[in-house]
>>> print(open('input_38.cif').read())   # mmCIF, C-alpha atoms and all ligand atoms
data_start
loop_
_atom_site.label_atom_id
_atom_site.label_comp_id
_atom_site.auth_asym_id
_atom_site.auth_seq_id
_atom_site.Cartn_x
_atom_site.Cartn_y
_atom_site.Cartn_z
CA MET B 1 149.19 -6.97 -57.41
CA LYS B 2 149.41 -7.91 -53.78
CA ASN B 3 150.69 -5.10 -51.56
CA ASN B 4 150.66 -2.84 -54.57
CA PRO B 5 149.95 0.65 -53.27
CA ALA B 6 149.49 1.89 -56.84
CA THR B 7 146.16 0.12 -57.10
CA LYS B 8 144.87 1.91 -53.99
CA GLN B 9 146.01 5.32 -55.22
CA SER B 10 143.15 6.02 -57.58
CA THR B 11 142.58 9.75 -57.68
CA GLN B 12 144.58 12.74 -56.52
CA LYS B 13 143.64 13.35 -52.88
CA HIS B 14 146.12 16.09 -52.01
CA GLY B 15 147.98 18.89 -53.70
CA PRO B 16 150.53 17.92 -56.35
CA GLN B 17 153.58 18.52 -54.15
CA THR B 18 152.12 16.37 -51.36
CA GLU B 19 151.33 13.64 -53.90
CA ALA B 20 154.88 13.85 -55.29
CA ILE B 21 156.23 13.16 -51.81
CA HIS B 22 153.66 10.74 -50.35
CA GLY B 23 151.83 9.38 -53.41
CA GLY B 24 152.42 5.71 -54.17
CA GLU B 25 154.31 5.11 -50.91
CA PRO B 26 153.16 2.33 -48.56
CA PRO B 27 151.78 3.42 -45.14
CA ARG B 28 154.70 4.49 -42.95
CA HIS B 29 153.33 4.75 -39.44
CA GLY B 30 154.26 2.71 -36.40
CA VAL B 31 157.70 1.60 -35.32
CA GLY B 32 160.59 1.13 -37.72
CA ALA B 33 158.96 1.89 -41.08
CA PRO B 34 161.54 3.22 -43.53
CA VAL B 35 160.87 6.84 -44.53
CA GLY B 36 163.06 6.56 -47.62
CA THR B 37 161.85 4.21 -50.35
CA PRO B 38 163.53 0.78 -50.10
CA ILE B 39 164.97 -0.62 -53.35
CA CYS B 40 163.61 -4.11 -53.87
CA ARG B 41 166.65 -5.29 -55.77
CA THR B 42 165.56 -8.69 -56.96
CA SER B 43 164.72 -10.23 -60.31
CA THR B 44 162.48 -12.94 -58.85
CA PHE B 45 160.15 -13.68 -55.91
CA THR B 46 159.34 -16.85 -53.98
CA PHE B 47 156.07 -18.75 -53.97
CA SER B 48 154.79 -20.07 -50.63
CA SER B 49 153.84 -23.44 -52.15
CA THR B 50 153.15 -25.26 -55.39
CA ALA B 51 149.46 -24.58 -54.69
CA GLU B 52 150.20 -20.83 -54.81
CA MET B 53 152.24 -21.36 -57.99
CA LYS B 54 149.26 -23.16 -59.56
CA ARG B 55 146.98 -20.28 -58.55
CA TRP B 56 149.35 -17.87 -60.28
CA ALA B 57 149.47 -19.99 -63.46
CA GLU B 58 145.66 -19.98 -63.50
CA GLY B 59 145.64 -16.17 -63.29
CA LYS B 60 144.09 -16.18 -59.79
CA SER B 61 147.04 -14.73 -57.86
CA LYS B 62 148.40 -11.22 -58.15
CA ALA B 63 151.59 -11.93 -56.19
CA TYR B 64 154.91 -10.58 -57.43
CA ILE B 65 156.73 -13.34 -59.31
CA TYR B 66 159.36 -11.77 -61.57
CA THR B 67 160.47 -8.15 -61.91
CA ARG B 68 159.61 -7.82 -65.62
CA TYR B 69 155.99 -8.41 -64.51
CA GLY B 70 156.12 -6.12 -61.49
CA ASN B 71 158.16 -5.19 -58.42
CA PRO B 72 157.31 -3.26 -55.20
CA THR B 73 159.76 -0.42 -55.98
CA LEU B 74 158.31 -0.03 -59.49
CA ALA B 75 154.83 0.02 -57.92
CA VAL B 76 155.81 3.04 -55.76
CA ALA B 77 157.06 4.90 -58.86
CA GLU B 78 153.84 3.99 -60.67
CA GLY B 79 151.67 5.16 -57.78
CA LYS B 80 153.51 8.48 -57.65
CA ILE B 81 153.23 9.20 -61.39
CA ALA B 82 149.57 8.15 -61.39
CA ALA B 83 148.91 10.51 -58.45
CA LEU B 84 150.75 13.38 -60.18
CA GLU B 85 148.70 12.96 -63.37
CA GLY B 86 145.48 12.33 -61.42
CA ALA B 87 145.19 8.87 -63.00
CA GLU B 88 143.96 5.47 -61.90
CA ALA B 89 147.20 3.69 -62.82
CA ALA B 90 150.61 3.95 -64.46
CA VAL B 91 153.21 1.62 -65.94
CA VAL B 92 156.88 2.54 -65.64
CA THR B 93 159.35 1.51 -68.33
CA ALA B 94 163.08 1.43 -69.06
CA SER B 95 162.93 4.62 -71.15
CA GLY B 96 160.51 7.09 -72.67
CA MET B 97 160.71 5.26 -75.99
CA ALA B 98 159.79 1.97 -74.25
CA ALA B 99 156.64 3.68 -72.90
CA ILE B 100 155.80 5.28 -76.27
CA SER B 101 156.35 2.11 -78.33
CA SER B 102 154.48 -0.10 -75.82
CA ALA B 103 151.58 2.38 -75.61
CA LEU B 104 151.23 2.69 -79.39
CA LEU B 105 151.58 -1.07 -79.97
CA GLY B 106 149.07 -1.67 -77.19
CA VAL B 107 146.55 0.34 -79.20
CA LEU B 108 147.42 -0.24 -82.88
CA LYS B 109 147.44 -3.39 -84.96
CA CYS B 110 148.13 -4.20 -88.62
CA GLY B 111 145.69 -2.32 -90.85
CA ASP B 112 145.08 0.50 -88.36
CA GLU B 113 145.80 4.14 -89.07
CA LEU B 114 147.27 6.74 -86.74
CA ILE B 115 147.11 10.52 -86.87
CA SER B 116 150.09 12.21 -85.22
CA THR B 117 151.21 15.79 -84.91
CA ALA B 118 154.22 16.21 -87.21
CA GLN B 119 156.44 17.86 -84.62
CA VAL B 120 157.07 15.00 -82.21
CA TYR B 121 160.22 13.78 -80.46
CA GLY B 122 162.77 12.52 -83.03
CA GLY B 123 162.68 8.92 -81.75
CA THR B 124 158.89 8.85 -81.96
CA TYR B 125 159.01 10.39 -85.44
CA ARG B 126 161.48 7.75 -86.66
CA LEU B 127 159.50 4.88 -85.05
CA MET B 128 156.41 6.04 -86.96
CA ARG B 129 158.37 6.64 -90.18
CA ASP B 130 160.72 3.62 -90.25
CA VAL B 131 158.94 0.85 -88.33
CA PHE B 132 155.16 1.31 -88.41
CA PRO B 133 154.70 1.18 -92.21
CA ASP B 134 156.39 -2.27 -92.28
CA MET B 135 153.95 -3.42 -89.60
CA GLY B 136 151.00 -2.31 -91.71
CA ILE B 137 150.26 0.75 -89.57
CA LYS B 138 149.69 3.87 -91.63
CA VAL B 139 150.67 7.23 -90.14
CA HIS B 140 149.14 10.58 -91.12
CA GLN B 141 150.72 13.80 -89.93
CA VAL B 142 149.04 17.06 -88.97
CA GLY B 143 150.54 20.42 -87.96
CA THR B 144 150.26 21.78 -84.42
CA GLY B 145 147.38 24.00 -85.60
CA LEU B 146 145.42 20.77 -86.37
CA LEU B 147 144.33 22.19 -89.74
CA GLY B 148 142.77 19.67 -92.11
CA LEU B 149 142.42 17.08 -89.35
CA GLU B 150 139.00 15.93 -90.54
CA ASP B 151 140.40 15.12 -94.00
CA LEU B 152 142.83 12.58 -92.51
CA VAL B 153 140.19 10.36 -90.88
CA THR B 154 139.32 7.04 -92.50
CA PRO B 155 137.25 4.14 -91.13
CA ARG B 156 140.57 2.56 -90.07
CA THR B 157 141.79 5.52 -88.00
CA LYS B 158 142.31 4.28 -84.47
CA CYS B 159 144.47 6.73 -82.58
CA LEU B 160 145.39 10.41 -82.23
CA TYR B 161 148.91 11.10 -80.92
CA VAL B 162 150.04 14.61 -79.95
CA GLU B 163 152.98 16.30 -78.29
CA THR B 164 152.76 19.82 -76.80
CA PRO B 165 154.74 22.05 -76.35
CA THR B 166 156.87 20.92 -79.28
CA ASN B 167 160.61 20.65 -79.74
CA PRO B 168 162.34 23.03 -80.37
CA THR B 169 159.98 25.95 -81.18
CA LEU B 170 157.59 25.32 -78.27
CA ARG B 171 154.45 25.49 -80.41
CA LEU B 172 151.28 24.33 -78.67
CA VAL B 173 148.47 22.01 -79.70
CA ASP B 174 145.00 23.19 -78.62
CA LEU B 175 144.15 20.33 -76.27
CA PRO B 176 140.35 20.79 -75.99
CA LYS B 177 140.24 20.88 -79.80
CA ALA B 178 142.30 17.67 -80.09
CA ILE B 179 140.14 15.90 -77.51
CA ALA B 180 136.87 16.96 -79.16
CA PHE B 181 138.15 15.54 -82.45
CA ALA B 182 139.29 12.25 -80.87
CA LYS B 183 135.97 11.80 -79.06
CA LYS B 184 133.93 12.61 -82.17
CA HIS B 185 135.70 9.87 -84.14
CA LYS B 186 136.13 7.47 -81.18
CA LEU B 187 139.92 7.55 -81.44
CA VAL B 188 142.23 6.56 -78.60
CA SER B 189 144.01 9.78 -77.63
CA ILE B 190 147.62 9.68 -76.46
CA ILE B 191 149.79 12.67 -75.49
CA ASP B 192 153.50 12.96 -74.76
CA ASN B 193 153.51 15.24 -71.68
CA THR B 194 157.30 15.27 -71.21
CA PHE B 195 157.89 18.96 -72.00
CA ALA B 196 154.99 20.28 -69.90
CA THR B 197 155.36 17.85 -66.96
CA PRO B 198 152.33 17.07 -64.74
CA VAL B 199 153.13 20.27 -62.82
CA LEU B 200 152.03 22.46 -65.73
CA GLN B 201 149.51 20.32 -67.58
CA ASN B 202 147.27 17.30 -66.76
CA PRO B 203 145.86 16.08 -70.08
CA LEU B 204 143.93 13.16 -68.55
CA ALA B 205 141.72 15.59 -66.62
CA MET B 206 141.04 17.34 -69.94
CA GLY B 207 139.87 14.06 -71.51
CA PHE B 208 142.92 12.32 -72.99
CA ASP B 209 142.97 8.51 -72.69
CA MET B 210 146.68 8.13 -72.07
CA VAL B 211 149.74 10.19 -71.17
CA VAL B 212 153.28 9.04 -71.94
CA HIS B 213 156.46 10.46 -70.42
CA SER B 214 160.15 10.35 -70.91
CA ALA B 215 160.74 10.27 -67.15
CA THR B 216 164.44 10.57 -68.02
CA LYS B 217 163.75 14.31 -68.22
CA ALA B 218 162.00 16.47 -65.59
CA LEU B 219 160.31 13.66 -63.63
CA ALA B 220 163.64 12.11 -62.60
CA GLY B 221 165.24 15.52 -63.08
CA HIS B 222 168.92 14.87 -62.35
CA SER B 223 170.31 13.62 -65.68
CA ASP B 224 171.28 10.32 -64.08
CA VAL B 225 168.73 7.74 -65.21
CA LEU B 226 166.72 6.56 -68.22
CA ALA B 227 163.05 6.07 -67.44
CA GLY B 228 159.60 6.22 -68.98
CA ALA B 229 155.95 5.91 -68.05
CA ALA B 230 152.50 5.46 -69.50
CA VAL B 231 149.60 6.81 -67.41
CA GLY B 232 145.84 6.37 -67.68
CA ASP B 233 142.88 4.33 -66.51
CA LYS B 234 143.28 0.75 -65.32
CA HIS B 235 141.83 -0.76 -68.49
CA TRP B 236 144.51 0.86 -70.64
CA MET B 237 147.34 0.35 -68.20
CA ASP B 238 146.64 -3.41 -67.94
CA ARG B 239 146.96 -3.54 -71.71
CA ILE B 240 150.16 -1.48 -71.79
CA ARG B 241 151.69 -3.50 -68.94
CA GLN B 242 151.04 -6.65 -70.95
CA MET B 243 152.81 -5.03 -73.92
CA VAL B 244 155.79 -4.10 -71.72
CA ILE B 245 155.93 -7.70 -70.44
CA TYR B 246 155.96 -8.98 -74.05
CA LEU B 247 158.44 -6.46 -75.44
CA GLY B 248 160.64 -6.36 -72.36
CA GLY B 249 161.05 -2.63 -71.82
CA SER B 250 160.55 -2.97 -68.06
CA MET B 251 162.18 -0.61 -65.59
CA ASP B 252 164.97 -1.71 -63.28
CA PRO B 253 164.33 -1.23 -59.51
CA GLU B 254 167.48 0.92 -59.13
CA ALA B 255 166.20 3.22 -61.86
CA ALA B 256 162.79 3.27 -60.16
CA TYR B 257 164.45 4.45 -56.94
CA LEU B 258 166.20 7.34 -58.73
CA LEU B 259 162.93 8.27 -60.41
CA ILE B 260 161.03 8.20 -57.09
CA ARG B 261 163.71 10.29 -55.41
CA GLY B 262 163.66 12.81 -58.25
CA MET B 263 159.88 13.10 -58.35
CA LYS B 264 159.70 14.12 -54.67
CA THR B 265 161.07 17.56 -55.62
CA LEU B 266 159.41 17.85 -59.05
CA GLY B 267 157.10 20.74 -58.11
CA VAL B 268 159.70 23.09 -56.68
CA ARG B 269 162.20 22.26 -59.41
CA VAL B 270 159.79 22.92 -62.27
CA GLU B 271 158.48 26.14 -60.71
CA GLN B 272 161.97 27.58 -60.22
CA GLN B 273 163.13 26.36 -63.63
CA CYS B 274 160.11 28.12 -65.19
CA ARG B 275 161.14 31.36 -63.44
CA ASN B 276 164.71 30.95 -64.69
CA ALA B 277 163.46 30.18 -68.21
CA MET B 278 161.35 33.35 -68.22
CA ALA B 279 164.35 35.44 -67.12
CA VAL B 280 166.57 33.83 -69.78
CA ALA B 281 163.90 34.35 -72.48
CA GLU B 282 163.46 38.02 -71.55
CA PHE B 283 167.22 38.60 -71.52
CA LEU B 284 167.65 36.95 -74.93
CA GLU B 285 164.72 38.83 -76.46
CA ARG B 286 166.39 42.16 -75.55
CA HIS B 287 169.82 41.09 -76.84
CA PRO B 288 170.87 42.79 -80.13
CA LYS B 289 172.45 39.62 -81.58
CA VAL B 290 169.28 37.56 -81.13
CA ALA B 291 166.78 37.50 -84.00
CA ARG B 292 163.94 35.63 -82.30
CA VAL B 293 163.14 33.82 -79.05
CA HIS B 294 160.71 30.90 -78.92
CA TYR B 295 159.21 30.80 -75.41
CA PRO B 296 155.45 30.53 -74.74
CA GLY B 297 155.82 32.94 -71.80
CA LEU B 298 156.70 35.82 -74.14
CA THR B 299 153.84 37.83 -75.65
CA SER B 300 155.73 37.59 -78.97
CA HIS B 301 155.22 33.79 -79.07
CA PRO B 302 152.40 32.76 -81.44
CA ASP B 303 150.89 30.43 -78.81
CA HIS B 304 151.24 32.72 -75.77
CA LYS B 305 147.47 33.07 -75.32
CA LEU B 306 146.88 29.32 -75.71
CA ALA B 307 149.64 28.63 -73.18
CA LYS B 308 147.94 30.94 -70.68
CA LYS B 309 144.69 29.08 -71.27
CA GLN B 310 145.83 25.47 -71.01
CA MET B 311 149.08 25.45 -69.01
CA ARG B 312 149.80 26.47 -65.40
CA GLY B 313 153.21 27.85 -66.36
CA PHE B 314 155.26 28.38 -69.51
CA GLY B 315 157.81 25.62 -69.12
CA THR B 316 161.52 25.12 -68.69
CA MET B 317 162.43 24.89 -72.39
CA LEU B 318 163.12 27.59 -74.96
CA ALA B 319 164.88 28.14 -78.26
CA PHE B 320 166.34 31.20 -79.95
CA ASP B 321 167.69 32.15 -83.37
CA LEU B 322 170.91 34.11 -83.67
CA LYS B 323 171.18 36.79 -86.36
CA GLY B 324 174.58 35.42 -87.35
CA GLY B 325 173.15 32.03 -88.39
CA LEU B 326 174.95 28.73 -87.89
CA ALA B 327 178.41 30.27 -87.36
CA ALA B 328 177.08 32.48 -84.55
CA ALA B 329 175.11 29.59 -83.02
CA ARG B 330 178.19 27.36 -83.01
CA ARG B 331 180.33 30.13 -81.54
CA PHE B 332 177.75 30.67 -78.78
CA CYS B 333 177.52 26.94 -77.94
CA ASP B 334 181.31 26.61 -77.91
CA ARG B 335 181.63 29.57 -75.53
CA VAL B 336 179.06 28.88 -72.81
CA ARG B 337 180.65 27.74 -69.56
CA LEU B 338 177.82 27.11 -67.09
CA PHE B 339 175.36 25.87 -69.72
CA LEU B 340 176.53 22.43 -70.87
CA LEU B 341 176.53 21.36 -74.51
CA ALA B 342 174.44 18.20 -74.33
CA ALA B 343 171.26 16.51 -75.50
CA SER B 344 168.33 15.84 -73.13
CA LEU B 345 166.40 18.28 -70.95
CA GLY B 346 164.51 18.84 -67.72
CA GLY B 347 167.47 18.22 -65.40
CA VAL B 348 168.89 20.55 -62.75
CA GLU B 349 171.76 21.51 -65.10
CA SER B 350 171.13 24.07 -67.85
CA LEU B 351 171.88 22.64 -71.30
CA VAL B 352 172.22 24.01 -74.83
CA ILE B 353 172.13 22.14 -78.12
CA LEU B 354 171.91 22.87 -81.85
CA PRO B 355 168.77 21.26 -83.34
CA ILE B 356 170.41 20.98 -86.77
CA TYR B 357 173.08 18.73 -85.28
CA SER B 358 170.67 16.73 -83.09
CA SER B 359 166.87 16.38 -83.41
CA HIS B 360 166.86 17.97 -86.88
CA TYR B 361 170.08 16.48 -88.29
CA ASN B 362 170.00 15.57 -91.98
CA MET B 363 166.77 17.40 -92.68
CA SER B 364 166.33 19.22 -95.98
CA ALA B 365 166.00 23.01 -96.12
CA GLU B 366 162.32 22.42 -96.88
CA GLU B 367 161.81 20.19 -93.80
CA LEU B 368 163.65 22.72 -91.61
CA LYS B 369 161.46 25.51 -92.91
CA ARG B 370 158.33 23.50 -92.15
CA ALA B 371 159.58 22.84 -88.62
CA ASP B 372 160.45 26.57 -88.30
CA VAL B 373 164.03 25.65 -87.38
CA SER B 374 166.78 27.88 -88.75
CA PRO B 375 170.47 26.87 -88.95
CA GLY B 376 171.10 29.51 -86.27
CA SER B 377 168.58 27.98 -83.81
CA VAL B 378 169.82 27.08 -80.34
CA ARG B 379 167.67 25.03 -77.97
CA VAL B 380 167.98 25.65 -74.25
CA SER B 381 166.89 23.51 -71.28
CA VAL B 382 166.92 25.86 -68.31
CA GLY B 383 168.10 24.34 -65.04
CA LEU B 384 168.15 25.30 -61.40
CA GLU B 385 171.29 27.44 -61.19
CA ASP B 386 171.09 31.01 -59.83
CA THR B 387 169.36 33.22 -62.39
CA GLU B 388 172.11 35.90 -62.35
CA ASP B 389 174.79 33.30 -63.06
CA LEU B 390 172.85 31.96 -66.04
CA ILE B 391 172.36 35.45 -67.46
CA ALA B 392 176.03 36.32 -66.90
CA ASP B 393 177.06 33.17 -68.80
CA LEU B 394 174.77 34.00 -71.72
CA LYS B 395 176.10 37.56 -71.77
CA GLN B 396 179.75 36.47 -72.00
CA ALA B 397 179.02 33.78 -74.60
CA LEU B 398 177.17 36.27 -76.82
CA ALA B 399 179.73 39.09 -76.39
C1 LIG S 401 163.57 12.36 -74.54
C2 LIG S 401 162.19 12.32 -75.04
C3 LIG S 401 161.58 11.10 -75.39
C4 LIG S 401 162.31 9.79 -75.35
O1 LIG S 401 162.61 9.42 -74.06
P1 LIG S 401 163.85 8.45 -73.66
O2 LIG S 401 163.74 8.39 -72.18
O3 LIG S 401 165.10 9.08 -74.18
O4 LIG S 401 163.57 7.14 -74.33
C5 LIG S 401 160.26 11.14 -75.78
N1 LIG S 401 159.57 12.30 -75.86
C6 LIG S 401 160.12 13.47 -75.54
C7 LIG S 401 159.31 14.73 -75.65
C8 LIG S 401 161.44 13.54 -75.12
O5 LIG S 401 162.00 14.72 -74.82
#
>>> encode(input="input_38.cif", output="structure tokens")
Amino acid sequence: MKNNPATKQSTQKHGPQTEAIHGGEPPRHGVGAPVGTPICRTSTFTFSSTAEMKRWAEGKSKAYIYTRYGNPTLAVAEGKIAALEGAEAAVVTASGMAAISSALLGVLKCGDELISTAQVYGGTYRLMRDVFPDMGIKVHQVGTGLLGLEDLVTPRTKCLYVETPTNPTLRLVDLPKAIAFAKKHKLVSIIDNTFATPVLQNPLAMGFDMVVHSATKALAGHSDVLAGAAVGDKHWMDRIRQMVIYLGGSMDPEAAYLLIRGMKTLGVRVEQQCRNAMAVAEFLERHPKVARVHYPGLTSHPDHKLAKKQMRGFGTMLAFDLKGGLAAARRFCDRVRLFLLAASLGGVESLVILPIYSSHYNMSAEELKRADVSPGSVRVSVGLEDTEDLIADLKQALA
């Protein structure tokens, strides 16, 4: 697209924090250039002439014409996410689910088969369970350990979809192993990198074809906007953009502004939130009322070694099981004051939620066991508050 800085921003030239601030932005030197990102609040754009309009209709012009197709503010957000993931291009969408559905439908057609890790975001899980079979897309599930993966491949297998770390037990998928498998069978590999964020993990550099994000979470980071993104090489992003244009899950320029503003501080937020999460995990692990803490930063976590190998930090999310089961978990969630009882994650506010009343609602005892979720499990998104205040709140709520 004309004046689209995203197309110029091919590979990561600076450190990630510099890219978060300057990536995707137009040149801002000379007199009177805005330092903040202007919101191009328009649904449509003018043509200079009917000749230009004809050129566009013939596919010869890349001018902005209508915001569902592209918009300068969206292009800045796309350039920034692409720079953060070290990618050629990105497509921003109205939500994480818009990015995930457009990415998968950009790859899969009727008759194709998909292999997905079983522990994926609830919305993704339900899309694959309730919608894909009716479209003639068959879904096979594999555990995070990727055991038996080879047995699931058929000549119609087209795509491998993974999410790591998982919700809510923070189990990890061995990324080099997943990539080797996808390459061997020529599968398109897609990963949901929402939990790790580009600060802790860049799957494209490891060989994945596409990354998807719920930018609603850490990328935007302030619990005030719904947003999503698909990231990858230009070939794939052209295809996904076309899907977004068809399906209509385009981002609004106001949302793009909030996402851009949030991303500028992504690095420092995630780093401090990781430190807070480690302190919270260590406190909980020592607490007599806590049976188990799920945090990859703890040596007790089954994927601690893998986390050290493939992530640059242990993340901002954790879960823990209370010895008193559901009654104790409910009592805890009803007593926290600083931690808020709410869905979502990755924002500056610390949040708690009960998986059995949210992501894992209505699951059988068998399904819960397979997901390693107990009725007394509490999931925590650790925010940016002072560490001592967070610990003090946990202490009083557990007392
Ligand atoms: C929240 C979330 C999604 C869905 O994103 P929305 O922005 O709510 O559509 C997808 N994947 C993960 C891992 C999430 O946490």
>>> closest_residue(input="input_38.cif", among="B:Lys217, B:Arg239, B:Arg171, B:Lys234", to="ligand LIG 401 (chain S)", atoms="all atoms listed in the file")
B:Lys217
>>> residues_near_ligand(input="input_38.cif", ligand="ligand LIG 401 (chain S)", cutoff="9 Å", atoms="all atoms listed in the file", output="PyMOL selection string")
chain B and resi 94-100+120-124+163-167+192-195+212-217+225-228+343-346
>>> atom_distance(input="input_38.cif", atom1="atom CA of Gly207 of chain B", atom2="atom CA of Gly221 of chain B")
26.8 Å
>>> atom_distance(input="input_38.cif", atom1="atom CA of Thr157 of chain B", atom2="atom CA of Leu187 of chain B")
7.1 Å
>>> atom_distance(input="input_38.cif", atom1="atom CA of Lys369 of chain B", atom2="atom CA of Thr144 of chain B")
14.5 Å
>>> closest_residue(input="input_38.cif", among="B:Ala63, B:Leu384, B:Ala328, B:Leu247", to="Ala218 of chain B", atoms="all atoms listed in the file")
B:Leu384
>>> residues_around(input="input_38.cif", residues="Leu318 of chain B", least_positions_apart="6", cutoff="10 Å", atoms="all atoms listed in the file", output="compact mmCIF listing (two decimals) with C-alpha atoms, keeping the file's coordinate frame")
# COMPACT_ATOMS: atom_id res chain seq x y z
CA ASN B 167 160.61 20.65 -79.74
CA PRO B 168 162.34 23.03 -80.37
CA THR B 169 159.98 25.95 -81.18
CA LEU B 170 157.59 25.32 -78.27
CA ALA B 277 163.46 30.18 -68.21
CA MET B 278 161.35 33.35 -68.22
CA VAL B 280 166.57 33.83 -69.78
CA ALA B 281 163.90 34.35 -72.48
CA VAL B 293 163.14 33.82 -79.05
CA HIS B 294 160.71 30.90 -78.92
CA TYR B 295 159.21 30.80 -75.41
CA PRO B 296 155.45 30.53 -74.74
CA GLY B 297 155.82 32.94 -71.80
CA VAL B 352 172.22 24.01 -74.83
CA VAL B 378 169.82 27.08 -80.34
CA ARG B 379 167.67 25.03 -77.97
CA VAL B 380 167.98 25.65 -74.25
CA SER B 381 166.89 23.51 -71.28
CA VAL B 382 166.92 25.86 -68.31
>>> closest_residue(input="input_38.cif", among="B:Gln242, B:Thr117, B:Ser43, B:Thr37", to="Tyr257 of chain B", atoms="only C-alpha atoms")
B:Thr37
>>> closest_residue(input="input_38.cif", among="B:Glu367, B:Glu254, B:Glu25, B:Glu52", to="Ile65 of chain B", atoms="all atoms listed in the file")
B:Glu52
>>> residues_around(input="input_38.cif", residues="segment 390-395 of chain B", least_positions_apart="3", cutoff="10 Å", atoms="all atoms listed in the file", output="NGL selection string")
:B and (276-277 or 279-281 or 283-284 or 287 or 332-333 or 335-339 or 350 or 382-387 or 398-399)
>>> residues_near_point(input="input_38.cif", point="(169.0, 23.4, -85.4)", cutoff="7 Å", atoms="all atoms listed in the file", output="list of chain:residue names")
B:Leu354, B:Pro355, B:Ile356, B:Tyr357, B:His360, B:Val373, B:Ser374, B:Pro375, B:Gly376, B:Ser377, B:Val378
>>> residues_near_point(input="input_38.cif", point="(146.9, -5.5, -79.0)", cutoff="12 Å", atoms="only C-alpha atoms", output="number ranges by chain")
B: 102-110, 112, 236, 238-244, 246
>>> closest_residue(input="input_38.cif", among="B:Gly249, B:Cys40, B:Tyr66, B:Asp151", to="Ser101 of chain B", atoms="only C-alpha atoms")
B:Gly249
>>> closest_residue(input="input_38.cif", among="B:Arg312, B:Lys289, B:Arg330, B:Arg370", to="Val199 of chain B", atoms="all atoms listed in the file")
B:Arg312
>>> residues_around(input="input_38.cif", residues="Thr265 of chain B", least_positions_apart="6", cutoff="8 Å", atoms="all atoms listed in the file", output="JSON, numbers by chain")
{"B": [17, 20, 21]}
>>> closest_atom_pairs(input="input_38.cif", of="segment 158-219 of chain B", to="segment 304-311 of chain B", cutoff="8 Å", atoms="all atoms listed in the file", output="CSV")
residue,atom,partner,partner_atom,distance
B:Leu172,CA,B:Ala307,CA,7.2
B:Asp174,CA,B:Leu306,CA,7.0
B:Leu175,CA,B:Gln310,CA,7.5
B:Ala196,CA,B:Met311,CA,7.9
B:Leu200,CA,B:Met311,CA,5.3
B:Gln201,CA,B:Met311,CA,5.3
>>> residues_around(input="input_38.cif", residues="Ile179 of chain B", least_positions_apart="4", cutoff="12 Å", atoms="only C-alpha atoms", output="list in words")
Leu146, Cys159, Leu160, Tyr161, Val162, Val173, Asp174, Leu175, Lys183, Lys184, His185, Lys186, Leu187, Val188, Ser189, Ile190, Ile191, Pro203, Leu204, Ala205, Met206, Gly207, Phe208, Asp209 and Met210 of chain B
>>> decode(input="input_38.cif", residues="segment 302-310 of chain B", atoms="N, CA, C and O atoms", output="compact mmCIF listing (two decimals), in the first residue's frame")
# COMPACT_ATOMS: atom_id res chain seq x y z
N PRO B 302 7.02 -29.13 35.51
CA PRO B 302 7.54 -30.18 34.62
C PRO B 302 8.24 -29.65 33.36
O PRO B 302 9.03 -30.38 32.77
N ASP B 303 7.96 -28.42 32.97
CA ASP B 303 8.60 -27.89 31.75
C ASP B 303 9.62 -26.79 32.04
O ASP B 303 9.96 -25.99 31.16
N HIS B 304 10.11 -26.74 33.30
CA HIS B 304 11.07 -25.69 33.67
C HIS B 304 12.30 -25.67 32.76
O HIS B 304 12.72 -24.62 32.28
N LYS B 305 12.85 -26.86 32.49
CA LYS B 305 14.07 -26.93 31.68
C LYS B 305 13.80 -26.48 30.24
O LYS B 305 14.60 -25.77 29.64
N LEU B 306 12.66 -26.90 29.71
CA LEU B 306 12.27 -26.52 28.34
C LEU B 306 12.05 -25.01 28.26
O LEU B 306 12.46 -24.36 27.30
N ALA B 307 11.45 -24.46 29.31
CA ALA B 307 11.22 -23.00 29.34
C ALA B 307 12.55 -22.26 29.30
O ALA B 307 12.70 -21.26 28.60
N LYS B 308 13.53 -22.77 30.07
CA LYS B 308 14.85 -22.13 30.08
C LYS B 308 15.50 -22.19 28.71
O LYS B 308 16.22 -21.29 28.31
N LYS B 309 15.21 -23.26 27.99
CA LYS B 309 15.81 -23.47 26.67
C LYS B 309 15.16 -22.60 25.58
O LYS B 309 15.85 -22.04 24.75
N GLN B 310 13.83 -22.49 25.60
CA GLN B 310 13.20 -21.83 24.45
C GLN B 310 12.52 -20.49 24.73
O GLN B 310 12.02 -19.85 23.81
